[in-house]
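Engineer: Before I ask anything, here is the structure I am working with.
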Amino acid sequence: MTALTGVKVLDASQIMAGPYCTMVLADLGAEVIKIEKINGGDDSRQMGPYVNGESTCFFQINRNKKSVALNLKTEEGKRIFNELAKEADIIVENYRPGVTKSLGIDYESMKKLNEGIVYCSISGFGQTGPYSHKGGFDLVAQGMTGLMSMTGLPGGRPLKSGVAVYDIGAGITAAYGILAAYIHKLKTGKGQQVDISLAECGLPWFAWEAAAYFANGVIPEPSGWRHRVSAPYQAIKAKDAYMMIGCANQRTWEKFCLEVLNKPEWLNDERYKTNSLRHDHVEELEREIEEITTTRDASYWINKCEQAGVPSGPINNFAEAVNNEHYLEREMVVELDHSLLGKMKTIGSPTKFSESKVEIKTPAPLLGEHTEEVLKKIGYSDDDIQSFLQRGIIDTQIQKENTIK
């Protein structure tokens with residue numbers, strides 16, 4: 001049994017932050033009904049690469065969901081949404097603040113229909129505050145929160161993270177916020193709105209940076225391939241490649257000197273006696289370490305570090321990472337059969353339970369693939385559905401297949 005079996009989620013979000021959140025909930029067993037625009041659907045469907053005209057970007061974060069193509073700008077479309085909301089436990093949306101109210105699907109409207117609803121709003125800057133009216137994007141958040149000012153090389157151009165950390169971070173933050181609110185509902189019977197800001201979700205991650213700034217006003221600067229506090233805790237050059245070496249405490253440093261590099265004299269070197277001193281002299285330290293490590297391949301040093309108990313590892317590219325034996329054994333790569341994409345791989349779930357299951361059962365849906373199925377479950381007849389189709393209130397995959405024929 002999955003942890004969220006029986007939980008119903010109405011997903012009115014698109015692109016990445018909201019869909020990532022609802023994918024996590026779906027993997028944990030929730031039934032997720034994804035509401036999409038009848039023309040084009042979720043905007044990520046227009047993001048390549050494509051296979052047989054279907055977006056692989058959409059595929060990656062919309063598995064385990066059902067797609068209902070619905071025109072929320074019509075009264076009948078809103079009525080259908082309301083019927084679904086009455087049966088839902090959770091609603092997730094990521095419209096700009098004010099849009100849901102204009103559509104009549106805002107929290108206050110949904111609360112009147114379903115008092116226990118957990119309603120999660122994901123936006124750029126939250127539902128309140130002077131910036132709440134602004135749209136939110138991952139790169140804007142990376143710049144605004146200071147992340148880009150501390151990423152890259154000292155004196156260089158500000159650099160973004162290699163992945164959309166704020167989009168994914170907002171999705172993860174929303175998921176645990178929703179689950180906390182759902183537990184509150186189970187205890188009290190009361191639902192609530194969960195307000196998630198893309199531009200805020202990453203600030204709590206800056207623990208060491210906050211420690212330095214709030215203690216003595218030090219503003220973090222780019223540290224390149226090195227750690228902000230510890231040394232050596234960074235990318236180190238070997239003969240054939242770079243590798244990661246992490247000496248986060250004094251005991252690990254001693255093992256590194258004695259058992260890996262055979263440099264016992266460094267333990268008494270005034271420059272390297274403490275972590276703080278090593279960090280202060282990191283340029284010299286790095287140069288002296290690499291004079292040794294560049295004589296052998298990275299695999300040799302990583303093996304020596306493992307034998308000594310010194311944290312280390314290769315710096316993989318993405319292909320090397322997803323083909324790593326450990327990730328494969330832990331089912332971090334899963335293959336699904338899709339009607340248009342064929343067999344396609346996706347990243348698995350990092351959450352493992354001793355009792356509950358995490359299931360990745362179905363691929364991302366085609367646009368409107370489940371419209372008819374879902375509407376019938378809430379009481380609409382074949383005639384109703386045909387009428388909705390003719391008047392542009394809904395769309396279904398069946399209609400598309402008939403059009404193609």
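Every chain in the structure tokens has a letter given in the order shown (A, B, ...), and although residue numbers restart at 1 in each chain, ligands are simply numbered from 1 in the order shown.
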With a distance cut-off of 6 Å and only C-alpha atoms, select the neighbouring residues of A:Pro222, excluding the residue or stretch itself and same-chain residues fewer than 5 positions from it, and output the selection as a list in words.

Structural biologist: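 Final neighbour list, sorted by chain and number: Met150, Thr151, Gly152, Leu153 and Pro154 of chain A.
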
Engineer: Stretch 143-392 of chain A: which residues are helix (DSSP H, G or I) by DSSP, as an MDAnalysis selection string?

Structural biologist: chainID A and resid 143:144 147:150 165:188 198:201 203:205 207:216 250:260 264:268 275:280 282:293 298:308 318:322 325:329 371:377 382:390

Engineer: Between A:Thr145, A:Asn216, A:Asn94, A:Thr351, which is the closest to A:Pro204 once you count only C-alpha atoms?

Structural biologist: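 Ranking A:Thr145, A:Asn216, A:Asn94, A:Thr351 by distance to A:Pro204, first place goes to A:Thr145.
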
Engineer: Interatomic distance between atom CA of A:Pro97 and atom CA of A:Gly135?

Structural biologist: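 Taking atom CA of A:Pro97 and atom CA of A:Gly135, their separation equals 8.7 Å.
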
Engineer: Determine, for each residue of stretch 53-85 of chain A having at least one atom at most 9 Å from an atom of stretch 369-379 of chain A, the closest pair of atoms and their separation in Å to one decimal, counting only C-alpha atoms; order by chain and ascending number, as CSV.

Structural biologist:
```
residue,atom,partner,partner_atom,distance
A:Lys66,CA,A:His370,CA,5.6
A:Ser67,CA,A:His370,CA,5.2
A:Val68,CA,A:Thr371,CA,4.3
A:Ala69,CA,A:Thr371,CA,6.3
A:Leu70,CA,A:Thr371,CA,8.2
A:Ile80,CA,A:Leu375,CA,8.0
A:Glu83,CA,A:Ile378,CA,7.2
A:Leu84,CA,A:Ile378,CA,7.4
```

Engineer: Can you pull out every residue within 8 Å of stretch 40-53 of chain A, counting only C-alpha atoms, but drop anything in the same chain fewer than 4 positions away, and send it as a JSON list (two decimals) with N, CA and C atoms, in the first residue's frame?

Structural biologist:
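File produced: result12.json:
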```json
[["chain", "number", "residue", "atom", "x", "y", "z"],
["A", 13, "SER", "N", -1.81, 23.30, -11.91],
["A", 13, "SER", "CA", -0.51, 23.96, -12.10],
["A", 13, "SER", "C", 0.11, 23.53, -13.42],
["A", 14, "GLN", "N", 1.17, 24.24, -13.82],
["A", 14, "GLN", "CA", 1.86, 23.87, -15.05],
["A", 14, "GLN", "C", 3.33, 24.24, -14.99],
["A", 15, "ILE", "N", 4.04, 23.88, -16.00],
["A", 15, "ILE", "CA", 5.49, 24.06, -16.19],
["A", 15, "ILE", "C", 6.27, 23.14, -15.24],
["A", 16, "MET", "N", 6.79, 23.65, -14.10],
["A", 16, "MET", "CA", 7.69, 22.81, -13.31],
["A", 16, "MET", "C", 7.38, 22.74, -11.82],
["A", 36, "GLU", "N", -5.82, 20.84, -17.55],
["A", 36, "GLU", "CA", -5.03, 21.53, -18.57],
["A", 36, "GLU", "C", -5.92, 22.34, -19.50],
["A", 57, "CYS", "N", 9.98, 16.70, -22.07],
["A", 57, "CYS", "CA", 10.03, 17.52, -20.84],
["A", 57, "CYS", "C", 8.76, 17.29, -20.01],
["A", 58, "PHE", "N", 7.61, 17.36, -20.67],
["A", 58, "PHE", "CA", 6.35, 17.11, -19.98],
["A", 58, "PHE", "C", 6.34, 15.70, -19.39],
["A", 69, "ALA", "N", -8.69, 17.96, -20.00],
["A", 69, "ALA", "CA", -8.58, 19.22, -20.75],
["A", 69, "ALA", "C", -9.87, 20.00, -20.56],
["A", 340, "LEU", "N", 3.00, 7.15, -27.33],
["A", 340, "LEU", "CA", 3.65, 7.86, -28.44],
["A", 340, "LEU", "C", 5.18, 7.83, -28.33],
["A", 341, "LEU", "N", 5.68, 7.93, -27.11],
["A", 341, "LEU", "CA", 7.12, 7.99, -26.92],
["A", 341, "LEU", "C", 7.77, 6.61, -26.97],
["A", 367, "LEU", "N", -2.72, 14.81, -23.66],
["A", 367, "LEU", "CA", -3.62, 15.92, -23.32],
["A", 367, "LEU", "C", -5.08, 15.46, -23.42]]
```
